[in-house]
Structures are given as C-alpha cells and as structure tokens.
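J.: For reference, the file protein-v3.tsv (TSV, C-alpha atoms and all ligand atoms) is included below:
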```
chain	number	residue	atom	x	y	z
B	1426	MET	CA	-42.50	21.14	-9.91
B	1427	THR	CA	-45.00	22.07	-7.21
B	1428	THR	CA	-44.75	21.52	-3.47
B	1429	SER	CA	-47.21	22.82	-0.94
B	1430	ASN	CA	-48.34	22.80	2.64
B	1431	ALA	CA	-51.36	24.43	4.23
B	1432	ALA	CA	-49.78	27.86	4.11
B	1433	ALA	CA	-47.60	28.04	1.05
B	1434	GLU	CA	-47.00	26.66	-2.40
B	1435	VAL	CA	-43.67	26.58	-4.20
B	1436	ARG	CA	-43.88	26.34	-7.99
B	1437	LEU	CA	-42.17	27.39	-11.21
B	1438	GLY	CA	-42.59	31.04	-12.15
B	1439	ILE	CA	-44.89	32.09	-14.99
B	1440	LEU	CA	-45.28	35.35	-16.92
B	1441	ARG	CA	-48.19	36.44	-14.73
B	1442	ASP	CA	-45.80	36.53	-11.73
B	1443	VAL	CA	-43.43	39.06	-13.28
B	1444	ASP	CA	-44.88	42.24	-11.73
B	1445	ASP	CA	-44.90	40.74	-8.22
B	1446	VAL	CA	-41.40	39.34	-8.63
B	1447	ALA	CA	-40.10	42.72	-9.86
B	1448	ARG	CA	-41.60	44.58	-6.86
B	1449	ILE	CA	-40.35	42.07	-4.28
B	1450	TRP	CA	-36.91	42.09	-5.93
B	1451	ARG	CA	-36.71	45.91	-6.03
B	1452	GLU	CA	-37.73	46.33	-2.37
B	1453	GLY	CA	-35.66	43.39	-1.12
B	1454	TRP	CA	-32.60	44.40	-3.11
B	1455	GLY	CA	-32.65	47.77	-1.37
B	1456	ASP	CA	-33.12	46.19	2.06
B	1457	ALA	CA	-30.24	43.79	1.43
B	1458	HIS	CA	-27.75	46.05	-0.35
B	1459	LEU	CA	-28.09	49.75	0.45
B	1460	GLY	CA	-25.01	50.75	2.40
B	1461	HIS	CA	-23.18	47.56	1.42
B	1462	VAL	CA	-22.51	48.05	-2.30
B	1463	PRO	CA	-20.91	50.82	-4.43
B	1464	ALA	CA	-23.06	53.81	-5.44
B	1465	ALA	CA	-22.56	52.87	-9.13
B	1466	LEU	CA	-24.50	49.67	-8.56
B	1467	VAL	CA	-27.33	51.45	-6.72
B	1468	THR	CA	-27.58	53.91	-9.62
B	1469	ALA	CA	-27.78	51.06	-12.14
B	1470	ARG	CA	-30.52	49.22	-10.26
B	1471	THR	CA	-33.43	51.41	-11.41
B	1472	PRO	CA	-37.05	50.28	-10.97
B	1473	ALA	CA	-37.15	49.55	-14.72
B	1474	SER	CA	-34.08	47.32	-14.41
B	1475	PHE	CA	-35.93	45.04	-11.98
B	1476	ASP	CA	-38.95	44.92	-14.33
B	1477	GLU	CA	-36.74	43.96	-17.26
B	1478	ARG	CA	-34.73	41.36	-15.40
B	1479	ALA	CA	-37.83	39.79	-13.81
B	1480	ARG	CA	-39.29	39.38	-17.31
B	1481	ASP	CA	-36.05	38.10	-18.85
B	1482	ARG	CA	-35.46	35.59	-16.08
B	1483	VAL	CA	-38.97	34.17	-15.66
B	1484	SER	CA	-37.90	30.76	-16.96
B	1485	ASP	CA	-35.22	30.58	-14.21
B	1486	THR	CA	-37.62	31.62	-11.45
B	1487	ILE	CA	-39.29	29.61	-8.70
B	1488	VAL	CA	-41.97	31.41	-6.68
B	1489	ALA	CA	-43.55	30.84	-3.28
B	1490	THR	CA	-47.20	31.83	-2.93
B	1491	ARG	CA	-49.49	32.26	0.03
B	1492	ALA	CA	-53.23	32.10	-0.68
B	1493	GLY	CA	-52.29	32.39	-4.36
B	1494	VAL	CA	-50.28	35.60	-3.87
B	1495	VAL	CA	-46.57	35.66	-4.69
B	1496	ALA	CA	-44.69	36.11	-1.40
B	1497	GLY	CA	-41.14	35.42	-2.54
B	1498	PHE	CA	-38.96	33.99	-5.28
B	1499	VAL	CA	-35.60	32.49	-6.08
B	1500	MET	CA	-33.72	32.31	-9.39
B	1501	THR	CA	-31.06	29.94	-10.61
B	1502	ASP	CA	-28.37	30.51	-13.23
B	1503	GLY	CA	-26.55	27.32	-14.12
B	1504	ASP	CA	-25.00	26.06	-10.89
B	1505	GLN	CA	-25.72	29.33	-9.04
B	1506	VAL	CA	-28.62	30.16	-6.74
B	1507	ASP	CA	-28.79	33.67	-8.06
B	1508	GLN	CA	-31.48	35.68	-6.27
B	1509	LEU	CA	-33.57	34.93	-3.16
B	1510	TYR	CA	-36.06	37.50	-1.94
B	1511	LEU	CA	-39.19	37.49	0.19
B	1512	ASP	CA	-41.85	40.13	0.42
B	1513	ARG	CA	-41.25	42.19	3.55
B	1514	SER	CA	-44.42	40.79	5.13
B	1515	ALA	CA	-43.27	37.20	4.54
B	1516	ARG	CA	-39.81	37.35	6.12
B	1517	GLY	CA	-39.09	35.34	9.24
B	1518	GLY	CA	-41.76	32.71	8.48
B	1519	GLY	CA	-39.91	29.81	6.86
B	1520	LEU	CA	-40.60	30.62	3.20
B	1521	GLY	CA	-36.93	31.45	2.64
B	1522	SER	CA	-36.02	27.90	3.65
B	1523	ALA	CA	-38.53	26.39	1.23
B	1524	LEU	CA	-37.23	28.50	-1.67
B	1525	LEU	CA	-33.56	27.86	-0.88
B	1526	ASP	CA	-34.29	24.13	-0.76
B	1527	ALA	CA	-36.18	24.23	-4.08
B	1528	ALA	CA	-33.38	26.15	-5.80
B	1529	GLU	CA	-30.69	23.83	-4.50
B	1530	GLN	CA	-32.69	20.83	-5.73
B	1531	ALA	CA	-33.18	22.48	-9.15
B	1532	VAL	CA	-29.43	23.08	-9.56
B	1533	LEU	CA	-28.53	19.52	-8.55
B	1534	ALA	CA	-31.34	18.03	-10.69
B	1535	ALA	CA	-29.90	19.92	-13.69
B	1536	GLY	CA	-26.75	17.83	-13.26
B	1537	HIS	CA	-24.45	20.20	-11.37
B	1538	ARG	CA	-22.34	18.64	-8.65
B	1539	VAL	CA	-22.80	21.49	-6.19
B	1540	ALA	CA	-24.78	24.73	-5.97
B	1541	TRP	CA	-23.21	28.03	-4.98
B	1542	LEU	CA	-24.35	31.56	-4.25
B	1543	ALA	CA	-22.90	35.01	-3.63
B	1544	VAL	CA	-24.06	37.20	-0.76
B	1545	ALA	CA	-22.94	40.79	-0.11
B	1546	THR	CA	-20.49	40.78	2.78
B	1547	GLY	CA	-22.54	43.41	4.61
B	1548	ASN	CA	-25.78	41.40	4.34
B	1549	THR	CA	-25.17	39.71	7.67
B	1550	GLY	CA	-28.79	38.58	8.14
B	1551	ALA	CA	-28.70	36.59	4.89
B	1552	ARG	CA	-25.25	35.20	5.71
B	1553	ARG	CA	-26.61	33.87	9.04
B	1554	PHE	CA	-29.63	32.45	7.18
B	1555	TYR	CA	-27.42	30.47	4.77
B	1556	GLU	CA	-25.20	29.24	7.60
B	1557	ARG	CA	-28.26	28.06	9.55
B	1558	HIS	CA	-29.18	25.99	6.49
B	1559	GLY	CA	-25.80	24.30	6.44
B	1560	TRP	CA	-24.35	26.21	3.49
B	1561	ILE	CA	-20.58	26.46	3.71
B	1562	ASP	CA	-18.95	29.90	3.70
B	1563	GLU	CA	-15.92	29.61	1.43
B	1564	GLY	CA	-14.89	33.17	2.26
B	1565	PRO	CA	-14.73	36.56	0.60
B	1566	PHE	CA	-14.44	37.20	-3.12
B	1567	VAL	CA	-15.11	40.14	-5.44
B	1568	HIS	CA	-18.27	39.55	-7.45
B	1569	GLN	CA	-18.65	41.40	-10.76
B	1570	ALA	CA	-22.33	42.42	-10.68
B	1571	PRO	CA	-23.59	42.90	-14.25
B	1572	VAL	CA	-24.86	46.40	-15.17
B	1573	PRO	CA	-25.71	47.85	-18.61
B	1574	ALA	CA	-22.30	49.52	-18.88
B	1575	GLY	CA	-20.35	46.39	-17.91
B	1576	SER	CA	-20.00	45.33	-14.29
B	1577	VAL	CA	-19.50	46.71	-10.78
B	1578	ALA	CA	-17.18	45.04	-8.26
B	1579	VAL	CA	-19.00	44.05	-5.05
B	1580	ASP	CA	-17.48	42.55	-1.90
B	1581	CYS	CA	-19.27	39.22	-1.37
B	1582	HIS	CA	-18.94	35.85	0.31
B	1583	ARG	CA	-19.22	32.64	-1.69
B	1584	PHE	CA	-21.34	29.89	-0.13
B	1585	VAL	CA	-21.64	26.31	-1.40
B	1586	SER	CA	-24.50	23.93	-0.77
B	1587	PRO	CA	-24.22	21.16	1.79
B	1588	ARG	CA	-25.89	18.62	-0.55
B	1589	ARG	CA	-24.02	17.28	-3.54
U	1601	LIG	C1	-32.87	36.28	3.52
U	1601	LIG	C2	-34.32	35.79	3.45
U	1601	LIG	C3	-34.59	35.20	2.07
U	1601	LIG	C4	-34.44	34.67	4.51
U	1601	LIG	O1	-35.75	34.14	4.53
U	1601	LIG	P1	-36.57	34.06	5.94
U	1601	LIG	O2	-37.68	33.06	5.74
U	1601	LIG	O3	-36.94	35.45	6.33
U	1601	LIG	O4	-35.48	33.43	6.91
U	1601	LIG	P2	-35.25	33.62	8.47
U	1601	LIG	O5	-36.56	33.70	9.17
U	1601	LIG	O6	-34.32	32.54	8.88
U	1601	LIG	O7	-34.52	35.06	8.58
U	1601	LIG	C5	-33.27	35.26	7.97
U	1601	LIG	C6	-32.80	36.69	8.21
U	1601	LIG	O8	-33.69	37.58	7.53
U	1601	LIG	C7	-33.90	38.74	8.36
U	1601	LIG	N1	-35.33	38.79	8.77
U	1601	LIG	C8	-36.06	37.82	9.32
U	1601	LIG	N2	-37.32	38.25	9.56
U	1601	LIG	C9	-37.36	39.53	9.13
U	1601	LIG	C10	-38.38	40.51	9.07
U	1601	LIG	N3	-39.62	40.28	9.52
U	1601	LIG	N4	-38.08	41.72	8.55
U	1601	LIG	C11	-36.83	41.97	8.08
U	1601	LIG	N5	-35.83	41.06	8.11
U	1601	LIG	C12	-36.09	39.86	8.62
U	1601	LIG	C13	-33.04	38.60	9.57
U	1601	LIG	O9	-31.80	39.24	9.34
U	1601	LIG	C14	-32.85	37.12	9.66
U	1601	LIG	O10	-31.63	36.73	10.23
U	1601	LIG	P3	-31.45	36.74	11.86
U	1601	LIG	O11	-32.71	36.14	12.44
U	1601	LIG	O12	-30.23	35.88	12.05
U	1601	LIG	O13	-31.24	38.17	12.19
U	1601	LIG	C15	-35.36	36.92	3.73
U	1601	LIG	O14	-35.24	37.37	5.05
U	1601	LIG	C16	-35.23	38.10	2.77
U	1601	LIG	O15	-35.87	38.12	1.72
U	1601	LIG	N6	-34.38	39.09	3.14
U	1601	LIG	C17	-34.19	40.30	2.31
U	1601	LIG	C18	-33.48	39.99	0.99
U	1601	LIG	C19	-32.14	39.27	1.13
U	1601	LIG	O16	-31.29	39.60	1.95
U	1601	LIG	N7	-31.96	38.26	0.26
U	1601	LIG	C20	-30.73	37.50	0.17
U	1601	LIG	C21	-29.84	38.10	-0.86
U	1601	LIG	S1	-28.34	37.11	-1.00
```
Mind converting the file's structure to structure tokens?
Ligand SMILES: CC(C)(COP(=O)(O)OP(=O)(O)OC[C@H]1O[C@@H](n2cnc3c(N)ncnc32)[C@H](O)[C@@H]1OP(=O)(O)O)[C@@H](O)C(=O)NCCC(=O)NCCS
T.:
Amino acid sequence: MTTSNAAAEVRLGILRDVDDVARIWREGWGDAHLGHVPAALVTARTPASFDERARDRVSDTIVATRAGVVAGFVMTDGDQVDQLYLDRSARGGGLGSALLDAAEQAVLAAGHRVAWLAVATGNTGARRFYERHGWIDEGPFVHQAPVPAGSVAVDCHRFVSPRR
C-alpha cells in the first residue's frame, strides 16, 4: 500500500522507521495527554516504552513521509485505529487526514464492519479533528490503557468511522 502526492507519501511502516516513530510518538503523546491522564500512566510511558512499542508494533504501522522523512504515523489493532501522531512540524498541514483515511481503509479492508478509536476526553484538538472528518462521537467511556503492571483507567471518548 503506497499513496502519494507531490508533498507526502503514505506507506506501510518498516523496521528502519522505528526510531522516528518512537520519537514522534513520545513527543506527541506528551502533547496530547499531559494534564489529561492519571500520573500513573505518565510514569509508565517512559522513553524506552515508546521505543519498545514502536518496534513491537511495526507491522501494524502506516507512516507518512515528506521528502523521504517520516513525518507521522498511525497504527491499527484489529478494528481499532490505535495511535495517530504527527511530528510537531507537520501538524496543521493535512497529513493527519491522509493517515486517518489510510488507517480506516486498512481496518475495513481487513474485514471489520466499522473502525473505532479512543481519544482522551481532554484532547479537545484531536476530538475536533475526528469530528471534522465525520467520525461519530459515541460518548465517554473508561479506557483501560495497558501498562507493564496491568492497566490504568483513562477517561476517553469512543469514536466510530463514518464509512462501513
Ligand atoms: C491530531 C493530529 C493527528 C491531527 O492532524 P493535523 O493534520 O494536524 O490536523 P488538523 O490540521 O485538522 O489539526 C487538528 C488539531 O491539531 C492541533 N494542531 C493543528 N496544527 C497544530 C500545530 N501546528 N501545532 C500544534 N497543534 C496543532 C489543533 O488542536 C487542531 O485542532 P483545531 O484546529 O480544531 O484547534 C495532529 O495534530 C497531532 O499529531 N496532534 C498531536 C497528537 C494527538 O493528539 N494525536 C491524537 C491522539 S488520539
């Protein structure tokens, strides 16, 4: 799977992308979650945890590149669009839309009837982004975010994809 325009390419992730994905994930996770999630989750999300998860999840990862440089990524997990992060310098330029679209297509192409995602309730910028793309806010729920010691409860909203 590869799509491209003059500025960006969206393609499946490969092992060589792992370091870039881990950095973008670590920085973006902080931007999206600090102040909106319990301290226990912040403590669990060490720099090494992003390195490990980026490596473990490379086969579920789709990346967007600009001039060959990874500028953002999305992951899927079954019927879930699981992570969507852009490099700070790439936000506000349409790459988020391309990645969300690619992830939704990947979930549906894998045979799921509908895609869903969880977004932290306090991440209002991302919630507006999903709404602008027609995703349906099915309301609040408590997401159990996995951590090495088990899970941490996080207040989230569940969104479902408009296409099915
Ligand atoms: C959410 C995200 C993937 C959207 O992609 P995008 O291409 O930037 O999409 P948009 O241009 O429509 O911007 C969406 C929101 O991102 C934020 N944003 C946009 N440009 C930004 C920039 N230059 N710097 C910081 N935040 C920015 C804004 O909150 C914006 O919403 P608003 O315009 O209603 O305030 C991307 O902004 C991002 O990586 N954000 C940080 C990580 C995050 O929240 N991920 C989602 C986790 S569920």
J.: As an exercise, work out the distance from atom O15 of ligand LIG 1601 (chain U) to CA of Gly1455 in chain B in Å and give it to one decimal place.
T.: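 The value is 10.6 Å.
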J.: Of the residues B:Gln1505, B:Arg1491, B:Gly1547, B:Ala1531, which is the one nearest to Gly1518 in chain B, using all atoms listed in the file?
T.: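 Among the listed residues, the smallest separation from Gly1518 in chain B belongs to B:Arg1491.
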J.: May I have the centre and edge lengths, in Å to one decimal, of an axis-aligned box around the listed atoms of ligand LIG 1601 (chain U) with 8 Å added to every side, as lines of an AutoDock Vina configuration file?
T.:
```
center_x = -34.0
center_y = 37.3
center_z = 5.7
size_x = 27.3
size_y = 25.4
size_z = 29.4
```
J.: Would you write out, as JSON lines, a table of all residues in chain B that have an atom no more than 7 Å from an atom of ligand LIG 1601 (chain U), listing for each the closest atom pair and the distance in Å to one decimal, considering all atoms listed in the file and ordering rows by chain and rising residue number?
T.:
```
{"residue": "B:Gly1453", "atom": "CA", "partner": "U:LIG1601", "partner_atom": "C18", "distance": 4.6}
{"residue": "B:Trp1454", "atom": "CA", "partner": "U:LIG1601", "partner_atom": "C18", "distance": 6.1}
{"residue": "B:Asp1456", "atom": "CA", "partner": "U:LIG1601", "partner_atom": "C17", "distance": 6.0}
{"residue": "B:Ala1457", "atom": "CA", "partner": "U:LIG1601", "partner_atom": "O16", "distance": 4.4}
{"residue": "B:Gln1508", "atom": "CA", "partner": "U:LIG1601", "partner_atom": "C21", "distance": 6.1}
{"residue": "B:Leu1509", "atom": "CA", "partner": "U:LIG1601", "partner_atom": "N7", "distance": 5.0}
{"residue": "B:Tyr1510", "atom": "CA", "partner": "U:LIG1601", "partner_atom": "O15", "distance": 3.7}
{"residue": "B:Leu1511", "atom": "CA", "partner": "U:LIG1601", "partner_atom": "O15", "distance": 3.7}
{"residue": "B:Asp1512", "atom": "CA", "partner": "U:LIG1601", "partner_atom": "O15", "distance": 6.4}
{"residue": "B:Arg1513", "atom": "CA", "partner": "U:LIG1601", "partner_atom": "N4", "distance": 5.9}
{"residue": "B:Ser1514", "atom": "CA", "partner": "U:LIG1601", "partner_atom": "N3", "distance": 6.5}
{"residue": "B:Ala1515", "atom": "CA", "partner": "U:LIG1601", "partner_atom": "O3", "distance": 6.8}
{"residue": "B:Arg1516", "atom": "CA", "partner": "U:LIG1601", "partner_atom": "O3", "distance": 3.4}
{"residue": "B:Gly1517", "atom": "CA", "partner": "U:LIG1601", "partner_atom": "O5", "distance": 3.0}
{"residue": "B:Gly1518", "atom": "CA", "partner": "U:LIG1601", "partner_atom": "O2", "distance": 4.9}
{"residue": "B:Gly1519", "atom": "CA", "partner": "U:LIG1601", "partner_atom": "O2", "distance": 4.1}
{"residue": "B:Leu1520", "atom": "CA", "partner": "U:LIG1601", "partner_atom": "O2", "distance": 4.6}
{"residue": "B:Gly1521", "atom": "CA", "partner": "U:LIG1601", "partner_atom": "O1", "distance": 3.5}
{"residue": "B:Ser1522", "atom": "CA", "partner": "U:LIG1601", "partner_atom": "O2", "distance": 5.8}
{"residue": "B:Ala1543", "atom": "CA", "partner": "U:LIG1601", "partner_atom": "S1", "distance": 6.4}
{"residue": "B:Val1544", "atom": "CA", "partner": "U:LIG1601", "partner_atom": "S1", "distance": 4.3}
{"residue": "B:Ala1545", "atom": "CA", "partner": "U:LIG1601", "partner_atom": "S1", "distance": 6.6}
{"residue": "B:Asn1548", "atom": "CA", "partner": "U:LIG1601", "partner_atom": "O16", "distance": 6.3}
{"residue": "B:Thr1549", "atom": "CA", "partner": "U:LIG1601", "partner_atom": "O9", "distance": 6.9}
{"residue": "B:Gly1550", "atom": "CA", "partner": "U:LIG1601", "partner_atom": "O9", "distance": 3.3}
{"residue": "B:Ala1551", "atom": "CA", "partner": "U:LIG1601", "partner_atom": "C1", "distance": 4.4}
{"residue": "B:Arg1553", "atom": "CA", "partner": "U:LIG1601", "partner_atom": "O12", "distance": 5.1}
{"residue": "B:Phe1554", "atom": "CA", "partner": "U:LIG1601", "partner_atom": "C5", "distance": 4.7}
```
J.: Could you tell me how far CA of Gly1559 in chain B lies from CA of Asp1526 in chain B, in Å and to one decimal?
T.: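 CA of Gly1559 in chain B sits 11.1 Å away from CA of Asp1526 in chain B.
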J.: Quick one: pull the distance between CA of Asp1481 in chain B and CA of Tyr1555 in chain B, Å, one decimal.
T.: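 Atom-to-atom, CA of Asp1481 in chain B to CA of Tyr1555 in chain B, that is 26.3 Å.
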J.: Using all atoms listed in the file, can you tell me which of B:Gly1497, B:Gly1503, B:Pro1463, B:Gly1536 comes closest to Asp1580 in chain B?
T.: B:Pro1463
